[in-house]
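Novice: data.cif (mmCIF, C-alpha atoms and all ligand atoms) pasted underneath:
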data_run
loop_
_atom_site.label_atom_id
_atom_site.label_comp_id
_atom_site.auth_asym_id
_atom_site.auth_seq_id
_atom_site.Cartn_x
_atom_site.Cartn_y
_atom_site.Cartn_z
CA MET X 279 25.25 -47.97 -0.85
CA TRP X 280 26.95 -44.79 -1.87
CA ASP X 281 28.31 -45.57 -5.29
CA PHE X 282 29.70 -42.67 -7.24
CA PRO X 283 32.37 -43.77 -9.70
CA LEU X 284 34.40 -40.88 -11.08
CA PHE X 285 35.50 -42.96 -14.04
CA PRO X 286 33.71 -45.55 -16.14
CA ASP X 287 35.09 -49.09 -16.19
CA ARG X 288 38.24 -49.69 -18.16
CA ALA X 289 37.66 -52.62 -20.46
CA THR X 290 40.30 -52.22 -23.17
CA ALA X 291 44.06 -51.75 -23.14
CA ILE X 292 43.65 -48.37 -24.80
CA ALA X 293 41.40 -47.21 -21.94
CA TRP X 294 44.41 -47.04 -19.61
CA ARG X 295 46.42 -45.10 -22.12
CA VAL X 296 43.67 -42.58 -22.73
CA ASP X 297 43.32 -42.13 -18.97
CA ALA X 298 47.09 -41.82 -18.59
CA VAL X 299 47.12 -38.93 -21.09
CA PHE X 300 44.24 -37.35 -19.21
CA PHE X 301 45.95 -37.67 -15.81
CA PHE X 302 49.22 -36.40 -17.23
CA GLU X 303 47.53 -33.25 -18.56
CA LEU X 304 45.56 -32.87 -15.37
CA ALA X 305 48.81 -33.02 -13.37
CA ILE X 306 50.34 -30.27 -15.52
CA CYS X 307 47.24 -28.10 -15.04
CA LEU X 308 47.27 -28.66 -11.29
CA ALA X 309 50.98 -27.86 -11.04
CA PHE X 310 50.51 -24.56 -12.86
CA THR X 311 47.39 -23.70 -10.87
CA ALA X 312 49.37 -24.28 -7.66
CA LEU X 313 52.30 -22.21 -8.93
CA ILE X 314 50.05 -19.30 -9.94
CA CYS X 315 48.15 -19.38 -6.63
CA PHE X 316 51.43 -19.41 -4.75
CA LEU X 317 52.83 -16.45 -6.71
CA ILE X 318 49.63 -14.42 -6.25
CA LEU X 319 49.76 -14.95 -2.48
CA PHE X 320 53.52 -14.45 -2.33
CA TYR X 321 53.55 -11.11 -4.16
CA ALA X 322 50.34 -9.89 -2.58
CA THR X 323 52.02 -10.36 0.77
CA LYS X 324 55.40 -9.06 -0.23
CA TYR X 325 54.12 -5.84 -1.85
CA ARG X 326 51.17 -5.27 0.45
CA LYS X 327 50.48 -1.66 1.38
CA GLY X 328 53.00 -0.46 3.89
CA SER X 329 55.46 -3.31 3.55
CA ARG X 330 59.11 -2.42 3.42
CA ALA X 331 59.78 -4.26 0.13
CA ASP X 332 62.26 -2.62 -2.19
CA ARG X 333 60.24 -0.67 -4.79
CA SER X 334 63.09 1.27 -6.32
CA ASN X 335 64.46 0.55 -9.77
CA PRO X 336 61.65 -1.74 -11.15
CA VAL X 337 62.79 -4.29 -13.74
CA SER X 338 61.67 -3.35 -17.26
CA SER X 339 63.11 -6.22 -19.26
CA ASN X 340 64.74 -9.55 -18.61
CA HIS X 341 65.66 -11.68 -21.60
CA LEU X 342 66.51 -14.76 -19.61
CA LEU X 343 63.10 -14.69 -17.96
CA GLU X 344 61.36 -14.36 -21.32
CA VAL X 345 63.30 -17.26 -22.81
CA VAL X 346 62.34 -19.42 -19.84
CA TRP X 347 58.63 -18.61 -19.96
CA ILE X 348 58.48 -19.25 -23.68
CA GLY X 349 60.75 -22.30 -23.60
CA ILE X 350 59.13 -24.26 -20.77
CA PRO X 351 55.52 -24.03 -22.03
CA LEU X 352 56.75 -24.86 -25.54
CA ALA X 353 58.53 -27.97 -24.29
CA ILE X 354 55.50 -29.02 -22.21
CA SER X 355 53.06 -28.55 -25.08
CA MET X 356 55.31 -30.54 -27.41
CA VAL X 357 55.38 -33.39 -24.91
CA ILE X 358 51.56 -33.28 -24.67
CA PHE X 359 51.37 -33.32 -28.45
CA VAL X 360 53.67 -36.34 -28.79
CA VAL X 361 52.00 -38.34 -26.03
CA GLY X 362 48.54 -37.63 -27.46
CA THR X 363 49.61 -38.49 -31.00
CA VAL X 364 51.11 -41.82 -29.96
CA VAL X 365 47.86 -42.86 -28.27
CA TYR X 366 45.80 -41.53 -31.17
CA TYR X 367 47.71 -43.70 -33.62
CA GLN X 368 47.25 -46.73 -31.42
CA MET X 369 43.53 -46.04 -31.36
CA PHE X 370 43.14 -45.69 -35.10
CA GLN X 371 45.50 -48.28 -36.52
CA VAL X 372 43.25 -51.26 -37.05
CA PRO X 373 44.98 -54.65 -36.79
CA PRO X 374 44.68 -56.18 -40.28
CA ASP X 375 43.19 -59.47 -39.08
CA ALA X 376 40.33 -57.93 -37.09
CA PRO X 377 36.92 -59.31 -38.12
CA GLU X 378 34.57 -56.63 -39.42
CA VAL X 379 31.21 -55.93 -37.90
CA TYR X 380 28.87 -53.45 -39.53
CA ALA X 381 27.11 -50.92 -37.35
CA MET X 382 24.52 -48.69 -38.92
CA GLY X 383 23.06 -45.75 -37.07
CA ARG X 384 19.54 -44.58 -37.76
CA GLN X 385 17.01 -42.53 -35.87
CA TRP X 386 17.11 -43.88 -33.16
CA MET X 387 18.89 -47.15 -32.92
CA TRP X 388 22.07 -49.01 -33.73
CA GLN X 389 21.66 -51.87 -36.19
CA ILE X 390 24.51 -54.31 -35.98
CA GLU X 391 25.32 -57.03 -38.47
CA HIS X 392 28.03 -59.64 -37.96
CA PRO X 393 29.94 -61.04 -40.93
CA GLY X 394 28.09 -64.35 -40.58
CA GLY X 395 24.80 -62.51 -41.03
CA LYS X 396 23.70 -62.44 -37.39
CA ARG X 397 21.98 -59.19 -36.60
CA GLU X 398 21.18 -57.36 -33.42
CA ILE X 399 19.75 -54.02 -32.40
CA ASN X 400 21.27 -51.76 -29.76
CA GLU X 401 23.46 -54.62 -28.62
CA LEU X 402 26.87 -55.71 -29.78
CA HIS X 403 28.22 -59.07 -28.66
CA ILE X 404 31.96 -59.51 -29.03
CA PRO X 405 34.53 -62.03 -27.82
CA LEU X 406 37.06 -61.26 -25.12
CA GLY X 407 40.65 -60.53 -26.06
CA GLN X 408 40.17 -60.28 -29.79
CA PRO X 409 40.33 -57.13 -31.89
CA VAL X 410 37.06 -56.16 -33.58
CA LYS X 411 36.72 -53.63 -36.35
CA LEU X 412 33.45 -51.74 -36.66
CA LEU X 413 32.45 -50.29 -39.99
CA LEU X 414 30.09 -47.44 -39.25
CA SER X 415 27.54 -45.88 -41.53
CA SER X 416 24.32 -43.98 -41.10
CA GLN X 417 20.97 -44.09 -42.79
CA ASP X 418 19.92 -40.54 -41.95
CA VAL X 419 21.92 -38.07 -39.86
CA ILE X 420 25.26 -38.06 -38.08
CA HIS X 421 25.40 -40.39 -35.10
CA SER X 422 28.36 -41.30 -32.98
CA PHE X 423 29.23 -44.72 -31.61
CA TYR X 424 30.50 -44.25 -28.09
CA VAL X 425 31.55 -46.87 -25.54
CA PRO X 426 32.92 -45.04 -22.50
CA ALA X 427 34.40 -48.19 -20.93
CA PHE X 428 36.43 -48.71 -24.09
CA ARG X 429 37.37 -45.00 -24.36
CA VAL X 430 36.47 -44.95 -28.03
CA LYS X 431 34.09 -42.75 -29.96
CA GLN X 432 33.55 -42.42 -33.68
CA ASP X 433 31.03 -40.57 -35.83
CA ALA X 434 28.75 -42.49 -38.18
CA VAL X 435 28.24 -40.21 -41.16
CA PRO X 436 25.56 -40.63 -43.83
CA GLY X 437 26.98 -41.35 -47.27
CA ARG X 438 30.28 -42.79 -46.18
CA PHE X 439 32.09 -45.29 -44.02
CA THR X 440 34.04 -44.61 -40.92
CA SER X 441 35.71 -47.26 -38.85
CA MET X 442 36.90 -47.88 -35.33
CA TRP X 443 38.36 -50.85 -33.50
CA PHE X 444 38.81 -52.12 -29.98
CA GLN X 445 40.04 -55.15 -28.14
CA PRO X 446 38.13 -55.77 -24.92
CA ASP X 447 40.09 -57.25 -22.04
CA LYS X 448 37.24 -57.58 -19.56
CA VAL X 449 34.08 -59.68 -19.65
CA GLY X 450 30.89 -57.76 -18.94
CA LYS X 451 28.15 -55.48 -20.16
CA PHE X 452 29.17 -51.96 -21.06
CA HIS X 453 27.10 -48.94 -22.01
CA LEU X 454 26.79 -47.98 -25.63
CA TYR X 455 25.67 -44.45 -26.45
CA CYS X 456 25.01 -42.28 -29.43
CA ALA X 457 27.19 -39.27 -28.70
CA GLU X 458 25.94 -36.94 -31.42
CA TYR X 459 22.66 -35.11 -30.96
CA CYS X 460 20.55 -36.73 -33.67
CA GLY X 461 16.96 -35.67 -33.02
CA THR X 462 14.08 -36.03 -30.60
CA LYS X 463 14.89 -39.45 -29.23
CA HIS X 464 18.65 -39.11 -29.28
CA SER X 465 18.83 -39.79 -25.58
CA GLY X 466 17.07 -43.11 -26.15
CA MET X 467 19.66 -44.26 -28.66
CA ILE X 468 21.48 -46.37 -26.14
CA GLY X 469 22.42 -49.98 -25.73
CA TRP X 470 24.99 -52.46 -24.53
CA VAL X 471 28.23 -53.93 -25.66
CA VAL X 472 28.45 -57.44 -24.26
CA VAL X 473 31.94 -58.90 -23.97
CA MET X 474 31.87 -62.70 -23.69
CA GLU X 475 34.34 -65.52 -23.22
CA PRO X 476 35.25 -66.77 -26.72
CA ALA X 477 33.49 -70.12 -26.14
CA ASP X 478 30.29 -68.38 -24.96
CA TYR X 479 30.52 -66.05 -27.90
CA GLN X 480 30.75 -68.97 -30.30
CA ARG X 481 27.67 -70.50 -28.68
CA TRP X 482 25.86 -67.17 -28.89
CA LEU X 483 26.66 -66.88 -32.61
CA GLU X 484 25.14 -70.30 -33.20
CA THR X 485 21.88 -69.72 -31.34
CA GLY X 486 18.80 -68.18 -32.85
CA PRO X 487 17.42 -68.46 -36.34
CA SER X 488 19.88 -69.49 -39.01
CA THR X 489 21.40 -66.53 -40.78
CA THR X 490 22.56 -65.80 -44.27
CA PRO X 491 26.10 -64.47 -44.36
CA MET X 492 26.18 -60.87 -45.53
CA ALA X 493 28.25 -61.73 -48.58
CA THR X 494 25.67 -64.31 -49.69
CA SER X 495 22.78 -61.85 -49.43
CA GLY X 496 25.04 -59.40 -51.24
CA GLU X 497 25.51 -61.81 -54.10
CA GLN X 498 21.75 -62.07 -54.54
CA LEU X 499 21.39 -58.30 -54.52
CA PHE X 500 24.28 -58.05 -56.97
CA LYS X 501 22.19 -60.10 -59.38
CA SER X 502 18.82 -58.52 -58.65
CA TYR X 503 20.14 -54.97 -59.12
CA GLY X 504 21.64 -55.96 -62.45
CA CYS X 505 25.26 -55.43 -61.47
CA SER X 506 26.16 -58.87 -62.75
CA GLY X 507 24.70 -57.93 -66.13
CA CYS X 508 27.72 -55.67 -66.64
CA HIS X 509 30.27 -57.01 -64.19
CA GLY X 510 29.67 -60.70 -64.78
CA VAL X 511 32.13 -62.79 -66.77
CA ASN X 512 29.77 -63.18 -69.71
CA ALA X 513 28.49 -59.60 -69.79
CA THR X 514 28.42 -57.86 -73.13
CA VAL X 515 29.08 -54.41 -71.68
CA ARG X 516 32.77 -53.80 -71.07
CA ALA X 517 33.04 -53.37 -67.30
CA PRO X 518 35.81 -54.39 -64.92
CA LEU X 519 35.52 -57.75 -63.19
CA LEU X 520 35.28 -57.11 -59.49
CA ASP X 521 37.20 -60.19 -58.36
CA GLY X 522 40.17 -59.13 -56.33
CA VAL X 523 39.44 -55.42 -56.55
CA TYR X 524 39.16 -54.98 -52.79
CA GLY X 525 42.38 -53.88 -51.18
CA HIS X 526 44.17 -53.39 -54.48
CA SER X 527 45.19 -50.26 -56.33
CA VAL X 528 42.98 -49.07 -59.14
CA PRO X 529 44.26 -46.69 -61.83
CA LEU X 530 41.64 -44.07 -62.59
CA GLU X 531 40.89 -42.08 -65.72
CA GLY X 532 42.97 -38.95 -65.32
CA GLY X 533 46.02 -40.68 -63.92
CA THR X 534 45.43 -40.96 -60.19
CA ILE X 535 45.70 -44.31 -58.47
CA VAL X 536 43.47 -45.18 -55.52
CA THR X 537 43.26 -48.12 -53.16
CA ALA X 538 39.93 -49.92 -53.41
CA ASP X 539 38.74 -49.78 -49.80
CA GLU X 540 35.13 -49.79 -48.59
CA ARG X 541 34.82 -46.10 -49.23
CA TYR X 542 35.99 -46.41 -52.82
CA ILE X 543 33.60 -49.27 -53.56
CA ARG X 544 30.77 -47.36 -51.98
CA ASP X 545 31.52 -44.26 -54.07
CA SER X 546 31.85 -46.42 -57.18
CA ILE X 547 28.29 -47.62 -56.66
CA LEU X 548 26.65 -44.37 -55.58
CA LEU X 549 28.73 -41.88 -57.56
CA PRO X 550 30.25 -43.90 -60.42
CA ALA X 551 31.05 -40.81 -62.48
CA SER X 552 33.27 -39.38 -59.75
CA GLN X 553 35.92 -42.11 -60.14
CA VAL X 554 36.07 -43.82 -63.51
CA VAL X 555 38.44 -46.76 -63.88
CA ALA X 556 41.12 -46.10 -66.49
CA GLY X 557 40.31 -47.66 -69.83
CA TYR X 558 36.55 -47.90 -69.27
CA LYS X 559 33.65 -45.74 -70.36
CA PRO X 560 31.53 -44.00 -67.69
CA VAL X 561 28.45 -46.04 -68.52
CA MET X 562 27.64 -47.29 -65.04
CA PRO X 563 24.39 -45.78 -63.75
CA THR X 564 24.29 -44.23 -60.30
CA TYR X 565 22.54 -46.20 -57.60
CA GLN X 566 22.11 -43.21 -55.30
CA GLY X 567 18.65 -43.42 -53.77
CA ARG X 568 17.96 -46.82 -55.34
CA ILE X 569 19.91 -49.09 -53.01
CA LYS X 570 19.11 -49.00 -49.33
CA GLU X 571 21.95 -48.52 -46.88
CA ASP X 572 21.77 -52.04 -45.45
CA GLU X 573 21.63 -53.53 -48.94
CA LEU X 574 24.67 -51.52 -49.89
CA LEU X 575 26.56 -52.96 -46.94
CA LYS X 576 25.76 -56.47 -48.16
CA ILE X 577 26.83 -55.78 -51.72
CA ILE X 578 30.08 -54.35 -50.42
CA ALA X 579 30.60 -57.39 -48.19
CA TYR X 580 30.09 -59.54 -51.30
CA ILE X 581 32.61 -57.57 -53.37
CA LYS X 582 35.09 -57.78 -50.49
CA ALA X 583 34.65 -61.55 -50.27
CA LEU X 584 35.41 -61.74 -53.99
CA GLY X 585 38.56 -59.85 -53.23
CA ARG X 586 39.77 -62.41 -50.76
CA LYS X 587 39.12 -65.38 -52.99
CA ASN X 588 40.92 -64.34 -56.11
CA GLU X 589 43.67 -62.11 -57.25
CA ARG X 590 42.79 -59.24 -59.51
CA VAL X 591 41.89 -60.38 -63.00
CA GLU X 592 41.66 -58.27 -66.13
CA LYS X 593 38.82 -58.40 -68.58
C1 LIG J 601 25.68 -50.60 -67.33
C2 LIG J 601 26.72 -51.44 -66.82
C3 LIG J 601 27.00 -51.44 -65.32
C4 LIG J 601 26.13 -51.75 -64.30
C5 LIG J 601 24.66 -52.11 -64.37
C6 LIG J 601 26.90 -51.66 -63.08
N1 LIG J 601 28.19 -51.30 -63.37
FE1 LIG J 601 29.69 -51.07 -62.04
N2 LIG J 601 30.91 -50.38 -63.51
C7 LIG J 601 30.61 -50.37 -64.85
C8 LIG J 601 31.72 -49.82 -65.61
C9 LIG J 601 31.80 -49.62 -67.13
C10 LIG J 601 32.73 -49.52 -64.65
C11 LIG J 601 34.11 -48.91 -64.95
C12 LIG J 601 33.99 -47.42 -65.15
C13 LIG J 601 33.70 -46.69 -63.87
O1 LIG J 601 34.49 -46.77 -62.95
O2 LIG J 601 32.64 -46.05 -63.80
C14 LIG J 601 32.19 -49.89 -63.35
C15 LIG J 601 32.86 -49.79 -62.14
C16 LIG J 601 32.45 -50.34 -60.96
C17 LIG J 601 33.26 -50.44 -59.78
C18 LIG J 601 34.71 -50.01 -59.63
C19 LIG J 601 35.49 -51.20 -60.18
C20 LIG J 601 36.98 -51.12 -60.15
O3 LIG J 601 37.60 -52.01 -60.78
O4 LIG J 601 37.55 -50.22 -59.52
C21 LIG J 601 32.50 -51.06 -58.81
C22 LIG J 601 32.92 -51.43 -57.40
C23 LIG J 601 31.21 -51.32 -59.42
N3 LIG J 601 31.22 -50.88 -60.71
C24 LIG J 601 30.16 -51.94 -58.74
C25 LIG J 601 28.90 -52.10 -59.29
C26 LIG J 601 27.75 -52.58 -58.53
C27 LIG J 601 27.77 -53.03 -57.08
C28 LIG J 601 26.69 -52.54 -59.40
C29 LIG J 601 25.24 -52.90 -59.10
C30 LIG J 601 24.64 -52.21 -57.97
C31 LIG J 601 27.19 -52.07 -60.68
N4 LIG J 601 28.52 -51.81 -60.58
C32 LIG J 601 26.40 -51.93 -61.82
C33 LIG J 601 29.42 -50.79 -65.43
C34 LIG J 601 28.29 -51.15 -64.72
CU CU J 602 22.16 -40.91 -32.83
#
Could you express the structure from this file as structure tokens?
Specialist:
Amino acid sequence: MWDFPLFPDRATAIAWRVDAVFFFELAICLAFTALICFLILFYATKYRKGSRADRSNPVSSNHLLEVVWIGIPLAISMVIFVVGTVVYYQMFQVPPDAPEVYAMGRQWMWQIEHPGGKREINELHIPLGQPVKLLLSSQDVIHSFYVPAFRVKQDAVPGRFTSMWFQPDKVGKFHLYCAEYCGTKHSGMIGWVVVMEPADYQRWLETGPSTTPMATSGEQLFKSYGCSGCHGVNATVRAPLLDGVYGHSVPLEGGTIVTADERYIRDSILLPASQVVAGYKPVMPTYQGRIKEDELLKIIAYIKALGRKNERVEK
């Protein structure tokens, strides 16, 4: 069978909106292409050699005409800007209740870890009709998480977190690509996003070997790396308790106030001297190069879980 789809599947609500922006801009381009072709033919005919068109008194300036050809393109480009911005905001405003899945890019695969600790490689299983937030990171070079059927794409950058979200509205298997040239086997860095009925998804989560939730593994690492020696309740070093830090504002030495998101916690661990909490001494050692990327994700998941349990406490 001759099967040549011009467009990939549309499996999220945003997919239609992205396509609508595309078709809208395409329509504008086509309209102007048609207009220009028409004018070329029209004037080429009218002023062809030997025609009796009036060539006396050529127009040298026409203010009305200039206002029109500046005004109309300006109005059109502002409309394109507004339409694009609206869709962009919809794409990047993550619903607050979306569960977080970690996706780590490395040469040349996607390692996925669900909050419950279930892991997969080059496959992401998600339930139908529910928003999912992906927290992206990279162990080596820049990768890019790209699901054409969802019309979303986001870089995974070493040394920091980026995030994306989507809400699938179609059951099925959809291509997952790395969309950033990342070395020899970049083209092999592909996989599937599998959208399942919520009940099937629940069953899928429960199959396979039992898993340790990320936050639990994180707690163990928190102890084995000696974090608890300073941040624990009974520590002798004066360090902030981390309970409740996630999602709250932190006053820093120097007067600025930041919100403790994943990025802040990550920087606090890898580059502690860059952001020192007000009232504390910069005694925390850097863990750059000592903690592996996937371990870091677990420690962060642990600190975030602390944040949900308790309100911020002072020590
Ligand atoms: C030698 C003691 C010490 C150790 C070990 C230590 N920290 Fe810290 N940590 C501190 C101190 C002191 C601060 C506050 C000053 C600053 O921001 O650097 C801090 C700040 C932080 C912050 C920011 C807290 C806030 O309230 O904003 C985080 C997050 C953090 N540490 C996580 C960790 C993790 C994770 C580990 C283990 C991998 C760790 N720390 C190991 C002493 C320590
Ligand atoms: Cu890649």
Novice: Which residues, written as a count of residues only, have at least one atom at most 12 Å from segment 510-512 of chain X, with all atoms listed in the file counted and residues fewer than 2 positions away on the same chain left out?
Specialist: 19
Novice: Could you state the separation of atom C13 of ligand LIG 601 (chain J) and atom CA of Ile577 of chain X in Å, given to one decimal place?
Specialist: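 Separating atom C13 of ligand LIG 601 (chain J) from atom CA of Ile577 of chain X is a distance of 16.7 Å.
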Novice: Have a look at atom CA of Val425 of chain X and atom CA of Leu454 of chain X and let me know their distance in Å, one decimal.
Specialist: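 So the answer is 4.9 Å.
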Novice: Of the candidates X:Pro405, X:Lys431, X:Ser488, X:Cys456, which one gets nearest to Glu475 of chain X if we count all atoms listed in the file?
Specialist: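 Using all atoms listed in the file, the shortest distance to Glu475 of chain X belongs to X:Pro405.
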Novice: Calculated over only C-alpha atoms and all ligand atoms, which of the candidates X:Ile569, X:Ile420, X:Ile543, X:Leu575 has the smallest distance to ligand LIG 601 (chain J)?
Specialist: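 The answer is X:Ile543, which sits nearest to ligand LIG 601 (chain J).
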Novice: Taking all atoms listed in the file and a cut-off of 12 Å, can you tell me which residues surround ligand CU 602 (chain J), written as a compact mmCIF listing (two decimals) with C-alpha atoms, keeping the file's coordinate frame?
Specialist:
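Contents of pocket32.txt, as written:
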# COMPACT_ATOMS: atom_id res chain seq x y z
CA MET X 382 24.52 -48.69 -38.92
CA GLY X 383 23.06 -45.75 -37.07
CA ARG X 384 19.54 -44.58 -37.76
CA GLN X 385 17.01 -42.53 -35.87
CA TRP X 386 17.11 -43.88 -33.16
CA MET X 387 18.89 -47.15 -32.92
CA TRP X 388 22.07 -49.01 -33.73
CA GLN X 389 21.66 -51.87 -36.19
CA ASN X 400 21.27 -51.76 -29.76
CA SER X 415 27.54 -45.88 -41.53
CA SER X 416 24.32 -43.98 -41.10
CA GLN X 417 20.97 -44.09 -42.79
CA ASP X 418 19.92 -40.54 -41.95
CA VAL X 419 21.92 -38.07 -39.86
CA ILE X 420 25.26 -38.06 -38.08
CA HIS X 421 25.40 -40.39 -35.10
CA SER X 422 28.36 -41.30 -32.98
CA PHE X 423 29.23 -44.72 -31.61
CA TYR X 424 30.50 -44.25 -28.09
CA GLN X 432 33.55 -42.42 -33.68
CA ASP X 433 31.03 -40.57 -35.83
CA ALA X 434 28.75 -42.49 -38.18
CA VAL X 435 28.24 -40.21 -41.16
CA PRO X 436 25.56 -40.63 -43.83
CA LEU X 454 26.79 -47.98 -25.63
CA TYR X 455 25.67 -44.45 -26.45
CA CYS X 456 25.01 -42.28 -29.43
CA ALA X 457 27.19 -39.27 -28.70
CA GLU X 458 25.94 -36.94 -31.42
CA TYR X 459 22.66 -35.11 -30.96
CA CYS X 460 20.55 -36.73 -33.67
CA GLY X 461 16.96 -35.67 -33.02
CA THR X 462 14.08 -36.03 -30.60
CA LYS X 463 14.89 -39.45 -29.23
CA HIS X 464 18.65 -39.11 -29.28
CA SER X 465 18.83 -39.79 -25.58
CA GLY X 466 17.07 -43.11 -26.15
CA MET X 467 19.66 -44.26 -28.66
CA ILE X 468 21.48 -46.37 -26.14
CA GLY X 469 22.42 -49.98 -25.73
Novice: Quick one: distance from atom CA of Phe428 of chain X to atom CA of Ala291 of chain X in Å, one decimal?
Specialist: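 Atom CA of Ala291 of chain X lies 8.3 Å from atom CA of Phe428 of chain X.
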Novice: Choose the residue, out of X:Val472, X:Val345, X:Thr490, X:Leu304, that has the smallest atom-to-atom separation from Lys396 of chain X; count only C-alpha atoms.
Specialist: X:Thr490
Novice: Nearest to ligand LIG 601 (chain J) among X:Lys582, X:His509, X:Arg429, X:His453, with distances taken over all atoms listed in the file: which residue is it?
Specialist: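 Comparing X:Lys582, X:His509, X:Arg429, X:His453 against ligand LIG 601 (chain J), the winner is X:His509.
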Novice: Quick one: residues within 9 Å of Val473 of chain X, all atoms listed in the file, excluding same-chain residues fewer than 3 positions away - as an NGL selection string?
Specialist: :X and (402-406 or 446-452 or 476 or 479)
Novice: Taking all atoms of segment 547-553 of chain X that the file lists and extending 3 Å past them on each side, where is the centre of the axis-aligned box and how long are its edges? Answer in Å to one decimal, as JSON.
Specialist:
{"center_x": 31.3, "center_y": -43.5, "center_z": -59.0, "size_x": 15.3, "size_y": 14.2, "size_z": 12.9}
Novice: Here is a test: counting only C-alpha atoms, which residue of X:Trp443, X:Tyr524, X:Trp470, X:Phe285 is nearest to Ile399 of chain X?
Specialist: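 Of the candidates, the smallest distance to Ile399 of chain X is held by X:Trp470.
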Novice: Choose the residue, out of X:Glu398, X:Ala513, X:Gly522, X:Pro560, that has the smallest atom-to-atom separation from Leu483 of chain X; count only C-alpha atoms.
Specialist: X:Glu398
Novice: Got a sec: who's within 9 Å of Gln553 of chain X, counting only C-alpha atoms, leaving out chain neighbours fewer than 4 positions off, as an NGL selection string?
Specialist: :X and (530-531 or 542 or 545-546 or 549 or 560)
Novice: Using the atoms already present, construct all heavy atoms for segment 397-402 of chain X and hand them back as a short mmCIF file (atom, residue, chain, number, x, y, z; two decimals), in the frame of the given file.
Specialist:
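Full text of selection_12.cif as output:
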data_model
loop_
_atom_site.label_atom_id
_atom_site.label_comp_id
_atom_site.auth_asym_id
_atom_site.auth_seq_id
_atom_site.Cartn_x
_atom_site.Cartn_y
_atom_site.Cartn_z
N ARG X 397 22.27 -60.61 -36.81
CA ARG X 397 21.98 -59.19 -36.60
C ARG X 397 21.52 -58.93 -35.17
O ARG X 397 20.95 -59.81 -34.54
CB ARG X 397 20.81 -58.74 -37.47
CG ARG X 397 21.06 -58.74 -38.92
CD ARG X 397 19.68 -58.76 -39.49
NE ARG X 397 19.67 -58.50 -40.91
CZ ARG X 397 19.10 -57.41 -41.42
NH1 ARG X 397 18.55 -56.50 -40.65
NH2 ARG X 397 19.07 -57.26 -42.72
N GLU X 398 21.73 -57.74 -34.71
CA GLU X 398 21.18 -57.36 -33.42
C GLU X 398 20.90 -55.86 -33.43
O GLU X 398 21.39 -55.13 -34.29
CB GLU X 398 22.12 -57.74 -32.26
CG GLU X 398 23.58 -57.65 -32.55
CD GLU X 398 24.43 -58.22 -31.42
OE1 GLU X 398 23.88 -58.48 -30.34
OE2 GLU X 398 25.63 -58.38 -31.61
N ILE X 399 20.10 -55.43 -32.47
CA ILE X 399 19.75 -54.02 -32.40
C ILE X 399 20.11 -53.50 -31.02
O ILE X 399 19.76 -54.10 -30.01
CB ILE X 399 18.26 -53.82 -32.71
CG1 ILE X 399 18.06 -53.99 -34.22
CG2 ILE X 399 17.77 -52.44 -32.27
CD1 ILE X 399 16.65 -53.80 -34.68
N ASN X 400 20.84 -52.41 -31.00
CA ASN X 400 21.27 -51.76 -29.76
C ASN X 400 22.05 -52.69 -28.84
O ASN X 400 22.14 -52.46 -27.63
CB ASN X 400 20.09 -51.18 -28.99
CG ASN X 400 19.52 -49.97 -29.71
OD1 ASN X 400 20.20 -49.38 -30.55
ND2 ASN X 400 18.31 -49.61 -29.39
N GLU X 401 22.58 -53.76 -29.39
CA GLU X 401 23.46 -54.62 -28.62
C GLU X 401 24.56 -55.09 -29.54
O GLU X 401 24.32 -55.33 -30.74
CB GLU X 401 22.70 -55.84 -28.08
CG GLU X 401 22.00 -55.55 -26.80
CD GLU X 401 21.57 -56.80 -26.06
OE1 GLU X 401 21.94 -57.90 -26.47
OE2 GLU X 401 20.84 -56.64 -25.07
N LEU X 402 25.76 -55.19 -28.99
CA LEU X 402 26.87 -55.71 -29.78
C LEU X 402 27.56 -56.75 -28.92
O LEU X 402 28.07 -56.44 -27.84
CB LEU X 402 27.84 -54.57 -30.14
CG LEU X 402 29.18 -54.99 -30.72
CD1 LEU X 402 28.99 -55.71 -32.04
CD2 LEU X 402 30.09 -53.79 -30.91
#
